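Notes follow once the structure below has been shown.
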Amino acid sequence: TMNCPVRALDEFDVFMDAANRKIAMSMMVASARTQRDTQFILITPQDMSVKPDADITILRLQPPRRSAAAA
């Protein structure tokens with residue numbers, strides 16, 4: 001069988017407090033590091049407690065620009 005090479009989680013931490021978010025991120029990074037043939041994409045509007053490393057890339061988007069008409 002063939003495994004999926006990409007795993008993605010979107011806004012998995014929106015209802016977590018800072019302490020639980022840090023624990024969850026640490027656990028997910030540790031788990032991902034054991035699966036070297038899989039790419040993990042974690043999408044969150046929260047601050048990341050994980051720092052970039054040789055095997056971790058963090059992409060941060062700019063906040064959206066709001067027009068006066070949208071307000």
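By convention in this document, the chains of the structure tokens carry letters A, B, ... by their order, each chain's residues are numbered from 1, and ligands are numbered from 1 in the order they are shown.
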
Which of chain A DSSP labels strand (DSSP E), written as a VMD selection string
chain A and resid 6 to 10 39 to 43

Hey, can you spit out that residue selection with C-alpha atoms as a PDB file, in the first residue's frame?
ATOM      1  CA  VAL A   6       1.174  15.033   3.031  1.00  0.00           C
ATOM      2  CA  ARG A   7      -0.782  15.546   6.250  1.00  0.00           C
ATOM      3  CA  ALA A   8      -2.563  18.844   7.002  1.00  0.00           C
ATOM      4  CA  LEU A   9      -4.345  20.259  10.038  1.00  0.00           C
ATOM      5  CA  ASP A  10      -6.268  23.526   9.812  1.00  0.00           C
ATOM      6  CA  GLN A  39       5.250  16.437   4.990  1.00  0.00           C
ATOM      7  CA  PHE A  40       3.078  18.044   7.674  1.00  0.00           C
ATOM      8  CA  ILE A  41       1.228  21.327   7.151  1.00  0.00           C
ATOM      9  CA  LEU A  42      -0.161  22.953  10.307  1.00  0.00           C
ATOM     10  CA  ILE A  43      -2.356  26.006   9.726  1.00  0.00           C
TER      11      ILE A  43
END

Rounded to one decimal in Å, what is the spacing between CA of Asn3 (chain A) and CA of Met25 (chain A)?
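Taking CA of Asn3 (chain A) as the start and CA of Met25 (chain A) as the end point, the length is 22.8 Å.
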
Residues near Lys22 (chain A), cut-off 9 Å, only C-alpha atoms, skip fewer than 6 positions along chain, as a list in words
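Close residues of Lys22 (chain A): Met48, Ser49 and Val50 of chain A.
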
At a cut-off of 10 Å, using only C-alpha atoms, what residues contact Ala18 (chain A)? Leave out same-chain residues fewer than 5 positions from it and give the result as a ChimeraX atom specification.
/A:13,23-24,46-49

I'd like to know which of A:Pro45, A:Ala69, A:Ala32, A:Pro63 is closest to Phe15 (chain A), using only C-alpha atoms.
A:Pro45

Name the closest residue to Asp53 (chain A) among the candidates A:Pro5, A:Arg21, A:Arg33, A:Met28; distances are taken between atoms, counting only C-alpha atoms.
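Comparing A:Pro5, A:Arg21, A:Arg33, A:Met28 against Asp53 (chain A), the winner is A:Arg33.
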
Out of chain A, which residues get alpha helix (DSSP H) from DSSP, as a list in words?
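Put together, the selection reads Ala18, Ala19, Asn20, Arg21, Lys22, Ile23, Ala24, Met25, Ser26, Met27, Met28, Val29, Ala30, Ser31, Ala32 and Arg33 of chain A.
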